[in-house]
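Below is the file query34.tsv, which contains TSV, C-alpha atoms and all ligand atoms.
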chain	number	residue	atom	x	y	z
V	4	MET	CA	122.20	104.58	105.25
V	5	THR	CA	123.05	101.39	103.37
V	6	ALA	CA	124.65	101.62	99.94
V	7	THR	CA	121.78	99.86	98.16
V	8	ARG	CA	119.13	101.49	100.39
V	9	THR	CA	117.75	98.07	101.36
V	10	ARG	CA	119.10	95.20	103.43
V	11	TYR	CA	117.19	92.67	101.34
V	12	ALA	CA	118.76	91.38	98.16
V	13	GLY	CA	116.51	92.00	95.16
V	14	PRO	CA	116.53	93.06	91.54
V	15	ILE	CA	115.58	96.68	92.36
V	16	THR	CA	118.18	98.53	94.43
V	17	ALA	CA	116.83	102.11	94.27
V	18	ALA	CA	113.66	103.91	93.24
V	19	GLY	CA	113.41	104.37	89.47
V	20	ILE	CA	111.00	105.81	86.88
V	21	HIS	CA	109.62	104.03	83.79
V	22	ASP	CA	107.28	105.39	81.09
V	23	HIS	CA	103.84	103.88	80.41
V	24	SER	CA	100.97	104.45	77.95
V	25	LEU	CA	97.86	104.00	80.16
V	26	VAL	CA	96.92	107.71	80.15
V	27	GLY	CA	96.70	107.89	76.35
V	28	GLN	CA	94.40	104.85	76.40
V	29	GLY	CA	91.76	106.97	78.20
V	30	PHE	CA	91.57	105.22	81.58
V	31	ALA	CA	91.79	108.37	83.73
V	32	THR	CA	89.19	110.74	82.24
V	33	ASP	CA	86.27	111.90	84.41
V	34	ASP	CA	83.81	109.96	82.26
V	35	ALA	CA	85.80	106.71	82.43
V	36	LEU	CA	86.29	107.05	86.21
V	37	ALA	CA	82.63	107.90	86.95
V	38	ALA	CA	81.43	104.93	84.89
V	39	MET	CA	83.92	102.66	86.65
V	40	LEU	CA	82.85	103.90	90.12
V	41	ASP	CA	79.21	103.17	89.22
V	42	ARG	CA	79.90	99.51	88.55
V	43	TYR	CA	82.85	98.73	90.86
V	44	PRO	CA	81.87	96.20	93.58
V	45	ALA	CA	81.22	98.03	96.89
V	46	ASP	CA	83.09	95.39	98.92
V	47	LEU	CA	86.31	96.21	97.04
V	48	PHE	CA	86.36	99.86	98.21
V	49	ASP	CA	88.66	101.18	100.95
V	50	ILE	CA	87.97	104.84	101.76
V	51	ASN	CA	90.34	106.56	104.18
V	52	LEU	CA	90.80	110.03	105.61
V	53	TYR	CA	94.17	110.75	107.23
V	54	ASP	CA	94.94	113.49	109.76
V	55	TYR	CA	98.48	114.49	110.76
V	56	ASP	CA	99.81	116.38	113.76
V	57	ASP	CA	102.85	118.70	113.77
V	58	ALA	CA	105.23	115.79	114.46
V	59	GLY	CA	103.98	113.99	111.35
V	60	GLN	CA	102.07	111.38	113.37
V	61	VAL	CA	98.97	110.09	111.61
V	62	SER	CA	95.46	109.17	112.68
V	63	LEU	CA	93.06	107.37	110.36
V	64	ARG	CA	89.31	107.50	109.80
V	65	THR	CA	87.70	104.92	107.53
V	66	GLY	CA	84.67	105.37	105.29
V	67	SER	CA	82.11	103.13	103.68
V	68	ARG	CA	81.18	103.27	99.98
V	69	GLY	CA	77.82	104.93	100.66
V	70	ARG	CA	75.14	105.34	98.00
V	71	LEU	CA	76.52	108.13	95.82
V	72	GLY	CA	76.46	107.61	92.06
V	73	GLY	CA	79.79	107.42	90.27
V	74	ALA	CA	79.86	111.08	89.19
V	75	GLU	CA	78.95	112.32	92.70
V	76	LEU	CA	81.51	110.06	94.34
V	77	LEU	CA	84.15	111.32	91.92
V	78	ALA	CA	83.18	114.92	92.79
V	79	ALA	CA	83.46	114.17	96.52
V	80	ILE	CA	86.99	112.84	96.01
V	81	GLN	CA	87.99	115.76	93.77
V	82	GLN	CA	86.68	118.34	96.27
V	83	GLY	CA	87.50	116.60	99.55
V	84	ARG	CA	90.40	115.13	101.46
V	85	LEU	CA	89.79	111.45	100.73
V	86	TRP	CA	91.94	108.51	99.72
V	87	VAL	CA	89.96	105.84	97.86
V	88	ASN	CA	91.48	102.47	97.08
V	89	LEU	CA	89.72	100.07	94.69
V	90	ARG	CA	91.08	96.59	95.27
V	91	GLU	CA	91.37	93.70	92.81
V	92	VAL	CA	91.43	95.71	89.60
V	93	GLU	CA	92.03	92.38	87.86
V	94	SER	CA	88.36	91.54	88.44
V	95	GLY	CA	86.91	95.05	89.02
V	96	TRP	CA	88.19	96.65	85.80
V	97	PRO	CA	89.56	93.88	83.52
V	98	GLU	CA	90.18	96.24	80.57
V	99	LEU	CA	92.52	98.42	82.63
V	100	TRP	CA	94.15	95.32	84.11
V	101	ALA	CA	94.89	93.85	80.67
V	102	ALA	CA	96.47	97.10	79.48
V	103	ALA	CA	98.41	97.46	82.74
V	104	MET	CA	99.82	93.95	82.54
V	105	THR	CA	101.32	94.80	79.15
V	106	GLU	CA	103.00	97.82	80.75
V	107	PHE	CA	104.03	95.78	83.77
V	108	GLY	CA	105.74	93.33	81.43
V	109	LYS	CA	107.85	96.19	80.03
V	110	VAL	CA	108.91	97.30	83.52
V	111	GLN	CA	109.74	93.72	84.40
V	112	GLY	CA	111.82	93.42	81.24
V	113	ALA	CA	113.77	96.51	82.26
V	114	CYS	CA	114.62	95.05	85.70
V	115	PRO	CA	116.80	91.97	85.10
V	116	GLY	CA	116.10	89.22	87.61
V	117	LEU	CA	112.60	90.49	88.45
V	118	ARG	CA	110.13	87.63	88.09
V	119	ALA	CA	106.64	88.20	89.50
V	120	VAL	CA	104.79	84.98	90.32
V	121	ARG	CA	101.56	86.66	91.43
V	122	SER	CA	100.24	90.19	91.03
V	123	SER	CA	97.21	92.24	91.96
V	124	GLY	CA	96.09	95.80	91.20
V	125	GLN	CA	94.68	98.64	93.29
V	126	LEU	CA	93.32	101.77	91.63
V	127	ILE	CA	93.88	104.77	93.91
V	128	LEU	CA	91.76	107.92	93.56
V	129	SER	CA	92.87	110.63	95.96
V	130	SER	CA	91.95	114.20	96.80
V	131	PRO	CA	94.24	117.14	95.95
V	132	LYS	CA	95.62	117.42	99.48
V	133	ALA	CA	95.63	113.72	100.39
V	134	ARG	CA	98.76	112.22	101.93
V	135	VAL	CA	99.52	108.55	102.51
V	136	PRO	CA	101.44	107.91	105.74
V	137	TYR	CA	104.80	106.22	106.14
V	138	HIS	CA	104.38	102.48	105.53
V	139	PHE	CA	105.79	99.51	103.69
V	140	ASP	CA	104.16	96.89	101.47
V	141	ALA	CA	104.96	93.22	101.99
V	142	ALA	CA	105.25	92.92	98.21
V	143	GLY	CA	106.95	94.51	95.26
V	144	VAL	CA	105.15	97.55	93.84
V	145	VAL	CA	104.99	99.31	90.48
V	146	LEU	CA	103.02	102.53	90.84
V	147	PHE	CA	101.56	103.64	87.47
V	148	HIS	CA	100.65	107.30	87.74
V	149	LEU	CA	97.70	108.37	85.56
V	150	ARG	CA	96.53	111.81	86.62
V	151	GLY	CA	97.58	114.74	88.83
V	152	ARG	CA	100.98	115.07	90.45
V	153	LYS	CA	102.28	113.28	93.50
V	154	ARG	CA	105.51	113.36	95.46
V	155	VAL	CA	106.78	109.98	96.61
V	156	PHE	CA	109.30	109.73	99.45
V	157	VAL	CA	111.25	106.44	99.52
V	158	TYR	CA	113.37	105.59	102.57
V	159	PRO	CA	116.11	103.03	103.14
V	160	GLY	CA	114.83	99.57	104.02
V	161	ASP	CA	117.28	99.14	106.90
V	162	GLU	CA	116.63	98.23	110.51
V	163	ALA	CA	116.63	101.91	111.60
V	164	HIS	CA	113.78	102.82	109.23
V	165	LEU	CA	112.01	99.45	109.09
V	166	ALA	CA	112.46	97.25	112.16
V	167	GLU	CA	111.84	93.57	111.47
V	168	THR	CA	109.71	93.23	114.60
V	169	ASP	CA	107.39	95.91	113.12
V	170	MET	CA	107.36	94.09	109.77
V	171	GLU	CA	106.31	90.91	111.61
V	172	GLN	CA	103.33	92.75	113.11
V	173	VAL	CA	102.20	93.89	109.65
V	174	VAL	CA	102.72	90.52	107.96
V	175	THR	CA	100.66	88.79	110.67
V	176	ARG	CA	98.00	91.53	110.43
V	177	GLN	CA	98.34	92.54	114.05
V	178	THR	CA	98.41	96.16	112.91
V	179	THR	CA	97.81	98.12	109.71
V	180	GLU	CA	100.78	98.84	107.48
V	181	GLU	CA	101.78	102.07	109.21
V	182	LEU	CA	105.21	102.03	110.82
V	183	PRO	CA	106.88	104.08	113.55
V	184	TYR	CA	107.87	107.35	111.88
V	185	SER	CA	110.13	110.21	112.86
V	186	LEU	CA	110.66	113.54	111.07
V	187	ALA	CA	114.41	112.76	111.27
V	188	PHE	CA	113.84	110.11	108.55
V	189	GLU	CA	113.29	112.91	106.03
V	190	ALA	CA	117.05	113.47	105.71
V	191	ASP	CA	117.33	109.93	104.29
V	192	ALA	CA	114.45	110.11	101.78
V	193	GLN	CA	114.79	109.72	98.04
V	194	VAL	CA	112.17	112.19	96.71
V	195	ILE	CA	110.47	111.62	93.35
V	196	ASP	CA	107.80	113.81	91.72
V	197	LEU	CA	105.55	111.62	89.58
V	198	GLU	CA	103.82	112.92	86.45
V	199	PRO	CA	101.04	111.19	84.49
V	200	GLY	CA	102.58	108.63	82.15
V	201	GLN	CA	105.31	107.69	84.61
V	202	ALA	CA	105.58	104.52	86.68
V	203	LEU	CA	107.71	104.20	89.81
V	204	THR	CA	109.41	101.14	91.29
V	205	TRP	CA	111.43	100.88	94.49
V	206	PRO	CA	113.28	98.11	96.35
V	207	LEU	CA	111.12	95.38	97.86
V	208	TYR	CA	109.89	96.43	101.34
V	209	ALA	CA	111.33	99.96	101.16
V	210	PRO	CA	109.23	102.23	103.41
V	211	HIS	CA	107.57	105.13	101.63
V	212	ARG	CA	104.95	107.85	101.90
V	213	VAL	CA	103.10	109.99	99.36
V	214	GLU	CA	101.93	113.60	99.17
V	215	ASN	CA	99.59	114.79	96.44
V	216	LEU	CA	100.76	118.08	94.94
V	217	ASP	CA	97.48	120.02	95.06
V	218	ARG	CA	95.71	118.03	92.37
V	219	PHE	CA	93.24	115.18	92.23
V	220	CYS	CA	95.35	112.07	91.60
V	221	VAL	CA	94.75	108.71	89.97
V	222	SER	CA	97.32	105.90	90.20
V	223	LEU	CA	97.28	102.18	89.61
V	224	SER	CA	99.42	100.28	92.11
V	225	ILE	CA	100.41	96.79	90.99
V	226	GLU	CA	101.64	94.71	93.90
V	227	PHE	CA	103.52	91.53	93.08
V	228	GLN	CA	105.16	88.63	94.84
V	229	THR	CA	108.34	86.95	93.72
V	230	TRP	CA	109.59	83.66	95.15
V	231	PRO	CA	112.14	85.52	97.33
V	232	SER	CA	109.42	87.89	98.67
V	233	ARG	CA	107.15	84.93	99.39
V	234	PHE	CA	109.91	83.20	101.31
V	235	ARG	CA	110.68	86.34	103.30
V	236	ASN	CA	107.03	87.09	104.13
V	237	GLY	CA	106.62	83.51	105.32
V	238	ALA	CA	109.80	83.73	107.39
V	239	LEU	CA	108.58	86.99	108.96
V	240	PHE	CA	105.28	85.28	109.80
V	241	THR	CA	107.02	82.29	111.41
V	242	ASN	CA	109.37	84.61	113.30
V	243	ALA	CA	106.36	86.54	114.65
V	244	VAL	CA	104.83	83.31	115.99
V	245	LEU	CA	108.14	82.25	117.56
V	246	ARG	CA	108.65	85.70	119.10
V	247	ARG	CA	105.16	85.73	120.59
V	248	ALA	CA	105.92	82.36	122.17
V	249	GLY	CA	109.00	83.86	123.85
V	250	GLY	CA	111.54	82.84	121.21
V	251	ARG	CA	114.23	85.13	119.84
V	252	PRO	CA	114.49	84.22	116.14
V	253	ARG	CA	117.27	85.92	114.22
V	254	PHE	CA	116.36	88.49	111.58
V	255	THR	CA	115.51	87.25	108.10
V	256	ASP	CA	118.27	89.30	106.44
V	257	GLN	CA	120.76	86.95	108.14
V	258	MET	CA	119.08	83.82	106.75
V	259	PRO	CA	120.27	82.01	103.60
V	260	THR	CA	117.62	80.97	101.06
V	261	PRO	CA	117.13	77.37	102.34
V	262	GLU	CA	116.41	78.69	105.83
V	263	LEU	CA	113.98	81.30	104.45
V	264	ALA	CA	112.25	78.57	102.40
V	265	ALA	CA	111.93	76.32	105.46
V	266	ARG	CA	110.39	79.17	107.48
V	267	TRP	CA	108.02	79.95	104.61
V	268	ALA	CA	106.90	76.30	104.58
V	269	ALA	CA	106.39	76.46	108.34
V	270	SER	CA	104.29	79.60	107.93
V	271	LEU	CA	101.86	77.78	105.62
V	272	ALA	CA	101.18	75.22	108.35
V	273	LEU	CA	100.92	77.93	111.01
V	274	LYS	CA	98.40	79.86	108.89
V	275	ARG	CA	96.34	76.71	108.30
V	276	ALA	CA	96.34	76.14	112.06
V	277	GLY	CA	95.13	79.73	112.58
V	278	VAL	CA	97.70	80.56	115.25
V	279	MET	CA	97.79	84.32	114.55
V	280	LYS	CA	94.35	85.90	114.38
V	281	SER	CA	94.15	89.16	112.43
V	282	ARG	CA	93.37	92.11	114.67
V	283	ILE	CA	92.36	94.43	111.84
V	284	ALA	CA	89.59	92.37	110.22
V	285	GLY	CA	86.49	94.01	111.66
V	286	PHE	CA	87.06	97.73	112.11
V	287	GLN	CA	84.27	100.27	112.25
V	288	ARG	CA	83.51	102.77	109.48
V	289	ASP	CA	83.46	106.43	110.51
V	290	PHE	CA	82.03	108.29	107.48
V	291	GLU	CA	80.50	108.23	104.00
V	292	PRO	CA	81.72	110.32	101.05
V	293	ASP	CA	79.66	113.49	100.50
V	294	ALA	CA	80.54	116.11	97.89
V	295	GLY	CA	78.99	118.94	99.93
V	296	ALA	CA	80.58	118.14	103.30
V	297	ALA	CA	83.89	119.28	104.78
V	298	ASP	CA	86.78	117.04	103.55
V	299	GLY	CA	84.22	115.28	101.28
V	300	ALA	CA	83.12	113.16	104.26
V	301	ARG	CA	79.86	112.99	106.20
V	302	ALA	CA	80.16	111.38	109.64
V	303	LEU	CA	78.22	108.17	110.23
V	304	PRO	CA	76.36	107.85	113.52
V	305	GLY	CA	78.58	105.99	115.98
V	401	FE	FE	102.65	101.50	99.49
Take the structure in this file and express it as structure tokens.
Amino acid sequence: MTATRTRYAGPITAAGIHDHSLVGQGFATDDALAAMLDRYPADLFDINLYDYDDAGQVSLRTGSRGRLGGAELLAAIQQGRLWVNLREVESGWPELWAAAMTEFGKVQGACPGLRAVRSSGQLILSSPKARVPYHFDAAGVVLFHLRGRKRVFVYPGDEAHLAETDMEQVVTRQTTEELPYSLAFEADAQVIDLEPGQALTWPLYAPHRVENLDRFCVSLSIEFQTWPSRFRNGALFTNAVLRRAGGRPRFTDQMPTPELAARWAASLALKRAGVMKSRIAGFQRDFEPDAGAADGARALPG
């Protein structure tokens, strides 16, 4: 394990908790959530159902929004085994976003050197037994916890836990954000139990997974880019293109900033040219939420 738990220089070197005031402002009550679900744009919903085998390996089913009203959809999540992600909170729930940005500013102020240049919010509603598999985000994250209890496992961002070739696949959208996972990683995890009113940060790119602790959970995840994260994501993209063409680019943690910046600039041109087509754009939906059905999910005809 590396001393700072990440091989990428950044202002956050280990997972840490900050306090926030979003719960007291009433954003996580049943009434507020049901009303929000009623009006939230259907195309901004991701609804997932994860299954795990004894070795901790995950399989994923995806759902569509369906036609349930907000209160019924909320009941299906509270009774089922669903993980519902509402993207683009900045447009979907501007009142929550405005309050969250104030809180985000406080977290940023407490992390010297952290300067977000772009941020976006995802509101996550998840069933009491939901678990999010081992993955990393190609962005910084502040996870504002609003309701229920969840256990977050944060792992070192080194090559053993997070191979750069796997990161390249995620950044170029050749695969979803899940990474190769082994139960042996558990010995290296930093384990944090999150209570409502707490926000969690961790080093940029650090792999993590989440287990709900037997309660319906609500969290707002704010993902942000900094200039260094932009450079690195672009360099990972360019490296992926070079590697696919038979090249053997060196890893980005060995690159000084000018080299990262040059590879980021190259990635913009490569993206414009459309050289890496996403393989996860058009996947099929397997179910719709249903409060009466097992796991809160009713299968859609294949
Ligand atoms: Fe994440």
query = If you count all atoms listed in the file, which residues fall within 12 Å of segment 224-226 of chain V, apart from same-chain ones fewer than 2 positions away, as a VMD selection string?
reply = chain V and resid 88 to 93 99 to 100 103 to 104 106 to 108 110 to 111 119 to 128 139 to 149 202 to 205 207 to 208 221 to 222 228 to 229 232
From (90.7, 106.6, 84.8), in the file's coordinates, out to 10 Å: which residues are reached, counting all atoms listed in the file? Answer as a list in words.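 Checking each residue against the 10 Å limit leaves Leu25, Val26, Gln28, Gly29, Phe30, Ala31, Thr32, Asp33, Asp34, Ala35, Leu36, Ala37, Ala38, Met39, Leu40, Leu99, Leu126, Ile127, Leu128, Leu149, Arg150, Cys220, Val221, Ser222 and Leu223 of chain V.
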(Q) Between atom CA of Pro159 of chain V and atom CA of Pro136 of chain V, what is the distance in Å, rounded to a tenth? (A)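 Rounded to one decimal, the two atoms are 15.7 Å apart.
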- Nearest to ligand FE 401 (chain V) among V:Ala276, V:Cys114, V:Val135, V:Leu303, with distances taken over all atoms listed in the file: which residue is it?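 So, comparing all the options, the nearest one is V:Val135.
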What separates atom CA of Leu85 of chain V and atom CA of Gly160 of chain V is a distance of 27.9 Å
Within-6 Å shell of (79.6, 104.4, 106.0) in input frame, all atoms listed in the file, as an mmCIF file with C-alpha atoms, keeping the file's coordinate frame:
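File produced: out_5.cif:
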data_model
loop_
_atom_site.group_PDB
_atom_site.id
_atom_site.type_symbol
_atom_site.label_atom_id
_atom_site.label_comp_id
_atom_site.auth_asym_id
_atom_site.auth_seq_id
_atom_site.Cartn_x
_atom_site.Cartn_y
_atom_site.Cartn_z
ATOM 1 C CA GLY V 66 84.670 105.370 105.290
ATOM 2 C CA SER V 67 82.110 103.130 103.680
ATOM 3 C CA GLY V 69 77.820 104.930 100.660
ATOM 4 C CA ARG V 288 83.510 102.770 109.480
ATOM 5 C CA PHE V 290 82.030 108.290 107.480
ATOM 6 C CA GLU V 291 80.500 108.230 104.000
ATOM 7 C CA LEU V 303 78.220 108.170 110.230
#
Would you list the contacts of Arg68 of chain V as a ChimeraX atom specification, taking every protein, DNA or RNA residue within 8 Å and counting only C-alpha atoms, but skipping same-chain residues closer than 3 positions in sequence? /V:45,48-50,71,291-292
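Counting all atoms listed in the file and comparing V:Gln60, V:Thr9, V:Gln201, V:Thr105, the residue that lies closest to His21 of chain V is V:Gln201.
Summary of the local environment: counting all atoms listed in the file, residues at most 10 Å from Phe254 of chain V, other than itself and those fewer than 5 positions away along its chain, are Glu162, Ala166, Glu167, Thr168, Ala238, Leu239 and Asn242 of chain V.
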Return the padded bounding box of segment 199-210 of chain V as AutoDock Vina command-line options: axis-aligned, built from all atoms listed in the file, 4 Å added on each side, with centre and edge lengths in Å to one decimal.
--center_x 107.2 --center_y 103.3 --center_z 92.8 --size_x 20.2 --size_y 23.8 --size_z 29.3
Using all atoms listed in the file, find the one residue out of V:Met170, V:Ala209, V:Val194, V:Ala12 that sits nearest to ligand FE 401 (chain V).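 Of all the options, V:Ala209 lies closest to ligand FE 401 (chain V).
Among the candidate residues V:Gln82, V:Thr179, V:Thr260, V:Thr16, the one lying nearest to ligand FE 401 (chain V) is V:Thr179, with distances computed using only C-alpha atoms and all ligand atoms.
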